[in-house]
$ cat work.pdb   # PDB, C-alpha atoms
ATOM      1  CA  MET R   1      14.542 168.642  68.494
ATOM      2  CA  PHE R   2      13.918 172.195  67.294
ATOM      3  CA  ILE R   3      16.650 174.807  67.775
ATOM      4  CA  LEU R   4      16.610 178.260  66.198
ATOM      5  CA  GLY R   5      14.158 177.325  63.570
ATOM      6  CA  HIS R   6      15.966 174.113  62.605
ATOM      7  CA  HIS R   7      14.672 170.696  63.273
ATOM      8  CA  TRP R   8      17.319 168.022  64.152
ATOM      9  CA  PRO R   9      16.221 164.418  64.265
ATOM     10  CA  THR R  10      17.070 162.467  67.385
ATOM     11  CA  ILE R  11      18.771 159.082  66.711
ATOM     12  CA  ALA R  12      18.701 156.371  69.372
ATOM     13  CA  PHE R  13      21.463 153.654  69.361
ATOM     14  CA  GLU R  14      20.545 150.288  70.767
ATOM     15  CA  ALA R  15      22.645 147.275  71.559
ATOM     16  CA  GLU R  16      22.264 144.157  69.494
ATOM     17  CA  ASP R  17      20.497 142.526  72.410
ATOM     18  CA  GLY R  18      18.135 145.441  72.660
ATOM     19  CA  THR R  19      19.277 146.504  76.123
ATOM     20  CA  GLY R  20      20.623 149.817  75.055
ATOM     21  CA  SER R  21      23.973 149.060  76.730
ATOM     22  CA  GLY R  22      25.999 148.293  73.618
ATOM     23  CA  SER R  23      28.792 150.709  74.481
ATOM     24  CA  ASP R  24      29.540 149.115  77.873
ATOM     25  CA  THR R  25      29.515 145.592  76.467
ATOM     26  CA  GLY R  26      31.913 146.510  73.713
ATOM     27  CA  ASN R  27      34.357 148.010  76.203
ATOM     28  CA  ALA R  28      34.271 144.844  78.302
ATOM     29  CA  GLU R  29      35.052 142.662  75.296
ATOM     30  CA  GLU R  30      37.900 144.923  74.251
ATOM     31  CA  SER R  31      39.271 144.782  77.796
ATOM     32  CA  GLY R  32      39.231 140.981  77.709
ATOM     33  CA  ASP R  33      40.994 140.858  74.358
ATOM     34  CA  SER R  34      43.592 143.299  75.646
ATOM     35  CA  ALA R  35      44.340 141.087  78.651
ATOM     36  CA  GLU R  36      45.032 138.137  76.385
ATOM     37  CA  THR R  37      47.311 140.049  74.036
ATOM     38  CA  THR R  38      49.485 141.393  76.866
ATOM     39  CA  LEU R  39      51.137 137.972  77.476
ATOM     40  CA  TYR R  40      54.769 138.248  76.404
ATOM     41  CA  ARG R  41      56.053 135.719  73.880
ATOM     42  CA  PRO R  42      59.799 136.166  73.137
ATOM     43  CA  ASP R  43      60.754 135.596  69.511
ATOM     44  CA  GLY R  44      62.099 132.102  68.944
ATOM     45  CA  LEU R  45      60.808 130.677  72.224
ATOM     46  CA  GLU R  46      59.355 127.194  71.768
ATOM     47  CA  GLU R  47      55.656 126.854  72.528
ATOM     48  CA  GLY R  48      56.417 124.282  75.177
ATOM     49  CA  TYR R  49      57.669 127.119  77.385
ATOM     50  CA  PHE R  50      54.499 129.214  76.999
ATOM     51  CA  GLY R  51      52.560 129.657  80.215
ATOM     52  CA  GLU R  52      49.108 131.019  80.955
ATOM     53  CA  THR R  53      50.843 133.997  82.563
ATOM     54  CA  ASP R  54      54.155 135.745  82.036
ATOM     55  CA  GLN R  55      55.322 134.421  85.390
ATOM     56  CA  GLU R  56      54.585 130.838  84.351
ATOM     57  CA  THR R  57      56.448 131.368  81.076
ATOM     58  CA  ILE R  58      59.492 132.669  82.955
ATOM     59  CA  ASP R  59      59.377 129.743  85.396
ATOM     60  CA  LYS R  60      59.278 127.229  82.546
ATOM     61  CA  LEU R  61      62.133 128.973  80.773
ATOM     62  CA  MET R  62      64.323 129.047  83.903
ATOM     63  CA  ALA R  63      63.669 125.350  84.513
ATOM     64  CA  GLY R  64      64.788 124.620  80.957
ATOM     65  CA  ILE R  65      67.939 126.686  81.400
ATOM     66  CA  LYS R  66      68.750 124.829  84.611
ATOM     67  CA  ASP R  67      68.338 121.459  82.898
ATOM     68  CA  ALA R  68      70.592 122.583  80.046
ATOM     69  CA  THR R  69      73.353 123.889  82.337
ATOM     70  CA  PRO R  70      76.296 121.396  82.568
ATOM     71  CA  GLN R  71      76.539 119.733  85.970
ATOM     72  CA  LEU R  72      80.255 119.742  86.780
ATOM     73  CA  PRO R  73      81.976 117.875  89.644
ATOM     74  CA  GLU R  74      83.654 119.824  92.413
ATOM     75  CA  ASP R  75      87.134 118.643  91.392
ATOM     76  CA  VAL R  76      88.911 116.276  88.992
ATOM     77  CA  SER R  77      88.184 113.295  91.248
ATOM     78  CA  GLY R  78      84.623 113.493  89.966
ATOM     79  CA  TYR R  79      85.745 112.419  86.505
ATOM     80  CA  GLU R  80      85.691 108.660  85.978
ATOM     81  CA  PHE R  81      87.010 107.373  82.670
ATOM     82  CA  THR R  82      86.523 103.903  81.201
ATOM     83  CA  PRO R  83      88.453 103.333  77.967
ATOM     84  CA  SER R  84      86.566 101.708  75.128
ATOM     85  CA  GLU R  85      87.662  98.408  73.596
ATOM     86  CA  GLY R  86      91.149  98.718  72.160
ATOM     87  CA  LEU R  87      92.156 101.665  74.340
ATOM     88  CA  GLU R  88      92.637  99.791  77.617
ATOM     89  CA  GLY R  89      96.417  99.713  77.337
ATOM     90  CA  TYR R  90      96.618 103.417  76.565
ATOM     91  CA  PHE R  91      94.577 104.627  79.530
ATOM     92  CA  GLY R  92      94.871 101.721  81.939
ATOM     93  CA  GLU R  93      96.702 103.572  84.704
ATOM     94  CA  LYS R  94      94.467 105.359  87.207
ATOM     95  CA  ASP R  95      97.005 108.151  87.732
ATOM     96  CA  ASP R  96      97.948 108.527  84.081
ATOM     97  CA  PRO R  97      99.397 112.083  83.867
ATOM     98  CA  LEU R  98      97.940 112.709  80.407
ATOM     99  CA  LEU R  99      94.476 111.618  81.500
ATOM    100  CA  ASN R 100      94.701 113.697  84.675
ATOM    101  CA  SER R 101      95.631 116.714  82.569
ATOM    102  CA  ALA R 102      92.595 116.095  80.352
ATOM    103  CA  LYS R 103      90.346 115.929  83.427
ATOM    104  CA  ALA R 104      91.711 119.221  84.756
ATOM    105  CA  ALA R 105      91.177 120.873  81.374
ATOM    106  CA  ALA R 106      87.627 119.500  81.211
ATOM    107  CA  LEU R 107      86.752 120.965  84.603
ATOM    108  CA  LYS R 108      88.294 124.314  83.669
ATOM    109  CA  ASN R 109      86.376 124.530  80.391
ATOM    110  CA  GLY R 110      83.008 123.324  81.647
ATOM    111  CA  ILE R 111      83.056 119.855  80.088
ATOM    112  CA  THR R 112      80.943 117.277  81.900
ATOM    113  CA  PRO R 113      82.285 113.801  82.786
ATOM    114  CA  ASP R 114      80.063 112.013  80.269
ATOM    115  CA  VAL R 115      81.146 114.329  77.455
ATOM    116  CA  LEU R 116      84.834 113.864  78.349
ATOM    117  CA  GLN R 117      84.353 110.087  78.316
ATOM    118  CA  SER R 118      82.890 110.125  74.805
ATOM    119  CA  PHE R 119      85.356 112.734  73.549
ATOM    120  CA  ILE R 120      88.491 110.784  74.512
ATOM    121  CA  ASN R 121      87.178 107.449  73.251
ATOM    122  CA  ASP R 122      86.006 108.956  69.963
ATOM    123  CA  THR R 123      89.236 110.943  69.517
ATOM    124  CA  PHE R 124      91.671 108.070  70.026
ATOM    125  CA  GLY R 125      89.587 105.044  69.052
ATOM    126  CA  ASP R 126      89.866 105.382  65.275
ATOM    127  CA  PRO R 127      93.588 106.369  65.134
ATOM    128  CA  VAL R 128      94.488 103.420  67.377
ATOM    129  CA  ALA R 129      92.427 101.021  65.262
ATOM    130  CA  LYS R 130      94.205 102.256  62.120
ATOM    131  CA  GLY R 131      97.660 101.971  63.693
ATOM    132  CA  VAL R 132      98.308 105.712  63.570
ATOM    133  CA  ILE R 133      99.206 105.633  67.282
ATOM    134  CA  ALA R 134     101.863 103.129  68.330
ATOM    135  CA  PRO R 135     100.733 100.480  70.834
ATOM    136  CA  PRO R 136     101.663 101.080  74.491
ATOM    137  CA  PHE R 137     104.597  99.265  76.071
ATOM    138  CA  ASN R 138     103.566  95.824  77.296
ATOM    139  CA  PRO R 139     106.331  93.916  79.168
ATOM    140  CA  LYS R 140     104.515  90.576  78.978
ATOM    141  CA  ALA R 141     103.982  90.931  75.242
ATOM    142  CA  GLU R 142     107.690  91.734  74.789
ATOM    143  CA  ILE R 143     108.747  88.639  76.758
ATOM    144  CA  ASP R 144     106.309  86.436  74.851
ATOM    145  CA  GLY R 145     107.508  87.874  71.549
ATOM    146  CA  LEU R 146     111.172  87.432  72.443
ATOM    147  CA  ALA R 147     110.585  83.837  73.544
ATOM    148  CA  LYS R 148     109.067  83.139  70.148
ATOM    149  CA  MET R 149     112.016  84.773  68.351
ATOM    150  CA  LEU R 150     114.504  82.727  70.373
ATOM    151  CA  GLY R 151     112.525  79.517  70.094
ATOM    152  CA  GLY R 152     112.378  79.068  73.866
ATOM    153  CA  ASP R 153     110.143  79.723  76.836
ATOM    154  CA  ASN R 154     109.714  82.839  78.948
ATOM    155  CA  LYS R 155     112.641  81.953  81.219
ATOM    156  CA  VAL R 156     114.939  81.927  78.198
ATOM    157  CA  ALA R 157     113.532  85.297  77.161
ATOM    158  CA  GLU R 158     113.981  86.809  80.625
ATOM    159  CA  LYS R 159     117.615  85.680  80.756
ATOM    160  CA  ALA R 160     118.215  87.137  77.289
ATOM    161  CA  ILE R 161     116.770  90.449  78.474
ATOM    162  CA  ASN R 162     119.079  90.521  81.503
ATOM    163  CA  ASP R 163     122.079  89.667  79.321
ATOM    164  CA  ALA R 164     121.184  92.331  76.769
ATOM    165  CA  ASP R 165     120.658  94.914  79.489
ATOM    166  CA  ALA R 166     124.100  94.237  80.961
ATOM    167  CA  ILE R 167     125.793  94.255  77.545
ATOM    168  CA  ALA R 168     124.100  97.525  76.583
ATOM    169  CA  GLY R 169     125.202  99.130  79.840
ATOM    170  CA  ASN R 170     128.803  97.967  79.427
ATOM    171  CA  LEU R 171     128.915  99.023  75.788
ATOM    172  CA  ALA R 172     127.459 102.462  76.522
ATOM    173  CA  LYS R 173     130.068 102.973  79.247
ATOM    174  CA  THR R 174     132.910 101.728  77.036
ATOM    175  CA  MET R 175     131.921 104.046  74.193
ATOM    176  CA  GLY R 176     131.520 106.980  76.553
ATOM    177  CA  LEU R 177     127.991 107.730  75.391
ATOM    178  CA  PRO R 178     126.282 110.812  76.864
ATOM    179  CA  GLU R 179     123.715 110.002  79.527
ATOM    180  CA  ALA R 180     120.728 110.538  77.218
ATOM    181  CA  ALA R 181     122.241 108.376  74.474
ATOM    182  CA  ALA R 182     123.246 105.697  76.986
ATOM    183  CA  GLY R 183     119.716 105.636  78.372
ATOM    184  CA  PHE R 184     118.298 105.232  74.873
ATOM    185  CA  PHE R 185     120.687 102.389  74.051
ATOM    186  CA  GLU R 186     120.087 100.577  77.328
ATOM    187  CA  GLY R 187     116.348 101.041  76.874
ATOM    188  CA  MET R 188     116.540  98.822  73.801
ATOM    189  CA  ALA R 189     116.869  95.870  76.155
ATOM    190  CA  GLU R 190     113.244  96.420  77.214
ATOM    191  CA  THR R 191     111.839  95.317  73.869
ATOM    192  CA  ALA R 192     112.060  92.019  72.023
ATOM    193  CA  SER R 193     113.384  93.694  68.879
ATOM    194  CA  GLY R 194     115.911  95.703  70.881
ATOM    195  CA  VAL R 195     117.250  92.575  72.581
ATOM    196  CA  MET R 196     117.741  90.924  69.202
ATOM    197  CA  VAL R 197     119.677  93.967  67.961
ATOM    198  CA  ILE R 198     121.936  93.935  71.035
ATOM    199  CA  ARG R 199     122.541  90.206  70.637
ATOM    200  CA  ALA R 200     123.473  90.784  66.989
ATOM    201  CA  ILE R 201     125.943  93.505  68.030
ATOM    202  CA  GLN R 202     127.397  91.157  70.637
ATOM    203  CA  LYS R 203     127.796  88.386  68.073
ATOM    204  CA  MET R 204     129.433  90.680  65.524
ATOM    205  CA  ALA R 205     131.788  92.087  68.149
ATOM    206  CA  GLY R 206     132.713  88.567  69.269
ATOM    207  CA  GLU R 207     133.572  87.585  65.704
ATOM    208  CA  LYS R 208     135.942  90.562  65.538
ATOM    209  CA  GLY R 209     137.512  89.734  68.891
ATOM    210  CA  ILE R 210     135.824  92.542  70.816
ATOM    211  CA  ALA R 211     134.678  91.305  74.226
ATOM    212  CA  LEU R 212     131.302  92.644  75.283
ATOM    213  CA  GLY R 213     130.453  89.864  77.713
ATOM    214  CA  GLY R 214     129.394  86.292  77.069
ATOM    215  CA  GLN R 215     125.944  84.740  77.132
ATOM    216  CA  ASP R 216     126.234  84.730  80.921
ATOM    217  CA  ALA R 217     126.984  88.432  81.038
ATOM    218  CA  GLY R 218     123.729  89.039  82.873
ATOM    219  CA  ALA R 219     124.983  86.899  85.747
ATOM    220  CA  THR R 220     128.464  88.420  86.023
ATOM    221  CA  THR R 221     128.109  92.108  85.199
ATOM    222  CA  HIS R 222     126.284  94.981  86.835
ATOM    223  CA  TYR R 223     122.801  96.202  86.132
ATOM    224  CA  SER R 224     122.584  99.382  84.084
ATOM    225  CA  ARG R 225     121.399 102.688  85.526
ATOM    226  CA  GLU R 226     118.080 102.328  83.739
ATOM    227  CA  THR R 227     117.498  98.870  85.190
ATOM    228  CA  LEU R 228     118.375  99.987  88.709
ATOM    229  CA  LYS R 229     115.823 102.774  88.482
ATOM    230  CA  LYS R 230     113.115 100.264  87.635
ATOM    231  CA  MET R 231     114.064  97.696  90.279
ATOM    232  CA  GLY R 232     113.149  99.792  93.305
ATOM    233  CA  ALA R 233     109.890  97.858  93.802
ATOM    234  CA  ASP R 234     111.155  94.524  92.472
ATOM    235  CA  PRO R 235     110.101  91.830  95.002
ATOM    236  CA  ARG R 236     113.283  89.866  94.245
ATOM    237  CA  ILE R 237     115.368  92.436  96.149
ATOM    238  CA  ASP R 238     112.976  92.625  99.109
ATOM    239  CA  PRO R 239     114.005  90.209 101.910
ATOM    240  CA  GLN R 240     110.426  90.271 103.222
ATOM    241  CA  SER R 241     108.980  89.064  99.922
ATOM    242  CA  THR R 242     108.287  85.430  99.083
ATOM    243  CA  LYS R 243     109.942  86.113  95.702
ATOM    244  CA  TYR R 244     113.176  87.317  97.293
ATOM    245  CA  ASP R 245     116.294  86.221  95.377
ATOM    246  CA  PRO R 246     119.600  86.743  97.246
ATOM    247  CA  ASP R 247     121.622  86.563  94.007
ATOM    248  CA  VAL R 248     119.549  89.285  92.400
ATOM    249  CA  ARG R 249     119.823  91.366  95.568
ATOM    250  CA  LYS R 250     123.606  90.984  95.622
ATOM    251  CA  LYS R 251     123.877  91.986  91.988
ATOM    252  CA  TYR R 252     121.580  94.940  92.665
ATOM    253  CA  ASP R 253     123.753  96.139  95.571
ATOM    254  CA  ASP R 254     127.005  95.595  93.651
ATOM    255  CA  SER R 255     125.627  97.472  90.665
ATOM    256  CA  TYR R 256     124.558 100.394  92.831
ATOM    257  CA  LEU R 257     127.990 100.623  94.451
ATOM    258  CA  ALA R 258     129.746 100.403  91.095
ATOM    259  CA  LEU R 259     127.634 103.137  89.529
ATOM    260  CA  TYR R 260     127.059 105.505  92.437
ATOM    261  CA  GLY R 261     129.691 104.632  95.031
ATOM    262  CA  GLY R 262     129.203 103.936  98.714
TER     263      GLY R 262
END

$ encode --input "work.pdb" --output "structure tokens"
Amino acid sequence: MFILGHHWPTIAFEAEDGTGSGSDTGNAEESGDSAETTLYRPDGLEEGYFGETDQETIDKLMAGIKDATPQLPEDVSGYEFTPSEGLEGYFGEKDDPLLNSAKAAALKNGITPDVLQSFINDTFGDPVAKGVIAPPFNPKAEIDGLAKMLGGDNKVAEKAINDADAIAGNLAKTMGLPEAAAGFFEGMAETASGVMVIRAIQKMAGEKGIALGGQDAGATTHYSRETLKKMGADPRIDPQSTKYDPDVRKKYDDSYLALYGG
């Protein structure tokens, strides 16, 4: 090229393949690379959630979130609890108020049934095994233990319990104990150790000439308030039951009249 007395060389650019279209090919490759680099990859997201498109990545992520979201029951009835070995006596009642409260709290705070199950068993299992938590009341165990202390059978133990209950009620009334204190004292007759304490008091009082009722006190005196409260479902006072006992029923009625009037 010659312009105004100057000669400028003309330079031709060719593609590597010799087609002369190098510029167009380069733009196409850059466009392809750009498409790949536009996929969004949030920081910290595991590769397992990566999709071939942003939409696929989002779908995988939402599926993972759904799987990780706790599946809660509609109400507390959806919580079933099975105590582990050693905890049966502590959570044996289906309508245990403490357990029901725990279920309500679990539902309120987003705790799933399986987590609640493990949490309660793990929380109480070790303390119970170490004796940190006192064993639950077991009437049969108390009768068996008392029978062993007295050197007799269960019938001997049951009679001793009735006698102790009557003596405790009479003594509480004689001493004018407040209702709470009387209930505590009469409640001693529910345990083997408590019965032995009451019998010891009776023996000591007898040696000093203080009448608290003889060994047949359970057959001649009234039931205590505490005992009456517990006898509402006793089959021995139900005429329709095969275990009905007219003597027990009579004593029950007489005790009620004596304590509460007609």

$ atom_distance --input "work.pdb" --atom1 "atom CA of Arg41 of chain R" --atom2 "atom CA of Thr57 of chain R"
8.4 Å

$ residues_near_point --input "work.pdb" --point "(115.3, 92.3, 77.4)" --cutoff "6 Å" --atoms "all atoms listed in the file" --output "number ranges by chain"
R: 160-162, 164, 189-191, 195

$ residues_around --input "work.pdb" --residues "segment 141-149 of chain R" --least-positions-apart "3" --cutoff "8 Å" --atoms "only C-alpha atoms" --output "list in words"
Asn138, Gly152, Asp153, Asn154, Val156, Ala157, Glu158, Glu190, Thr191, Ala192, Ser193 and Val195 of chain R

$ atom_distance --input "work.pdb" --atom1 "atom CA of Asp234 of chain R" --atom2 "atom CA of Phe185 of chain R"
22.2 Å

$ residues_around --input "work.pdb" --residues "Gln71 of chain R" --least-positions-apart "3" --cutoff "12 Å" --atoms "all atoms listed in the file" --output "NGL selection string"
:R and (65-68 or 74-75 or 78-79 or 107 or 110-115)

$ resolve_selection --input "work.pdb" --expression "the PyMOL selection byres ((chain R and resi 103) around 10)" --output "list in words"
Asp75, Val76, Ser77, Gly78, Tyr79, Glu80, Phe81, Pro97, Leu98, Leu99, Asn100, Ser101, Ala102, Ala104, Ala105, Ala106, Leu107, Lys108, Asn109, Ile111, Thr112, Pro113, Leu116 and Gln117 of chain R

$ atom_distance --input "work.pdb" --atom1 "atom CA of Ile167 of chain R" --atom2 "atom CA of Pro246 of chain R"
22.0 Å

$ closest_residue --input "work.pdb" --among "R:Gly187, R:Gly86, R:Pro73, R:Pro42" --to "Asp54 of chain R" --atoms "only C-alpha atoms"
R:Pro42

$ axis_aligned_box --input "work.pdb" --around "segment 88-103 of chain R" --padding-each-side "4 Å" --output "lines of an AutoDock Vina configuration file"
center_x = 94.9
center_y = 108.2
center_z = 82.1
size_x = 17.1
size_y = 25.0
size_z = 19.2

$ residues_around --input "work.pdb" --residues "Gly183 of chain R" --least-positions-apart "4" --cutoff "9 Å" --atoms "only C-alpha atoms" --output "VMD selection string"
chain R and resid 169 172 178 to 179 187 to 188 224 to 226

$ write_last_selection --input "work.pdb" --atoms "C-alpha atoms" --output "mmCIF file, keeping the file's coordinate frame"
data_model
loop_
_atom_site.group_PDB
_atom_site.id
_atom_site.type_symbol
_atom_site.label_atom_id
_atom_site.label_comp_id
_atom_site.auth_asym_id
_atom_site.auth_seq_id
_atom_site.Cartn_x
_atom_site.Cartn_y
_atom_site.Cartn_z
ATOM 1 C CA GLY R 169 125.202 99.130 79.840
ATOM 2 C CA ALA R 172 127.459 102.462 76.522
ATOM 3 C CA PRO R 178 126.282 110.812 76.864
ATOM 4 C CA GLU R 179 123.715 110.002 79.527
ATOM 5 C CA GLY R 187 116.348 101.041 76.874
ATOM 6 C CA MET R 188 116.540 98.822 73.801
ATOM 7 C CA SER R 224 122.584 99.382 84.084
ATOM 8 C CA ARG R 225 121.399 102.688 85.526
ATOM 9 C CA GLU R 226 118.080 102.328 83.739
#

$ build_atoms --input "work.pdb" --residues "segment 233-245 of chain R" --atoms "N, CA and C atoms" --output "JSON list (two decimals), in the frame of the given file"
[["chain", "number", "residue", "atom", "x", "y", "z"],
["R", 233, "ALA", "N", 111.02, 98.61, 93.23],
["R", 233, "ALA", "CA", 109.89, 97.86, 93.80],
["R", 233, "ALA", "C", 109.92, 96.39, 93.41],
["R", 234, "ASP", "N", 111.04, 95.93, 92.90],
["R", 234, "ASP", "CA", 111.16, 94.52, 92.47],
["R", 234, "ASP", "C", 111.15, 93.62, 93.71],
["R", 235, "PRO", "N", 110.18, 92.70, 93.81],
["R", 235, "PRO", "CA", 110.10, 91.83, 95.00],
["R", 235, "PRO", "C", 111.33, 90.94, 95.18],
["R", 236, "ARG", "N", 112.10, 90.73, 94.14],
["R", 236, "ARG", "CA", 113.28, 89.87, 94.24],
["R", 236, "ARG", "C", 114.39, 90.48, 95.09],
["R", 237, "ILE", "N", 114.33, 91.80, 95.32],
["R", 237, "ILE", "CA", 115.37, 92.44, 96.15],
["R", 237, "ILE", "C", 114.84, 92.77, 97.54],
["R", 238, "ASP", "N", 113.60, 92.36, 97.81],
["R", 238, "ASP", "CA", 112.98, 92.62, 99.11],
["R", 238, "ASP", "C", 113.05, 91.37, 99.98],
["R", 239, "PRO", "N", 113.86, 91.39, 101.04],
["R", 239, "PRO", "CA", 114.00, 90.21, 101.91],
["R", 239, "PRO", "C", 112.68, 89.74, 102.53],
["R", 240, "GLN", "N", 111.71, 90.63, 102.62],
["R", 240, "GLN", "CA", 110.43, 90.27, 103.22],
["R", 240, "GLN", "C", 109.47, 89.62, 102.22],
["R", 241, "SER", "N", 109.85, 89.61, 100.96],
["R", 241, "SER", "CA", 108.98, 89.06, 99.92],
["R", 241, "SER", "C", 109.22, 87.57, 99.73],
["R", 242, "THR", "N", 108.16, 86.87, 99.37],
["R", 242, "THR", "CA", 108.29, 85.43, 99.08],
["R", 242, "THR", "C", 109.06, 85.18, 97.79],
["R", 243, "LYS", "N", 109.22, 86.23, 96.97],
["R", 243, "LYS", "CA", 109.94, 86.11, 95.70],
["R", 243, "LYS", "C", 111.39, 86.58, 95.83],
["R", 244, "TYR", "N", 111.82, 86.81, 97.07],
["R", 244, "TYR", "CA", 113.18, 87.32, 97.29],
["R", 244, "TYR", "C", 114.23, 86.38, 96.70],
["R", 245, "ASP", "N", 115.20, 86.98, 96.00],
["R", 245, "ASP", "CA", 116.29, 86.22, 95.38],
["R", 245, "ASP", "C", 117.61, 86.84, 95.84]]
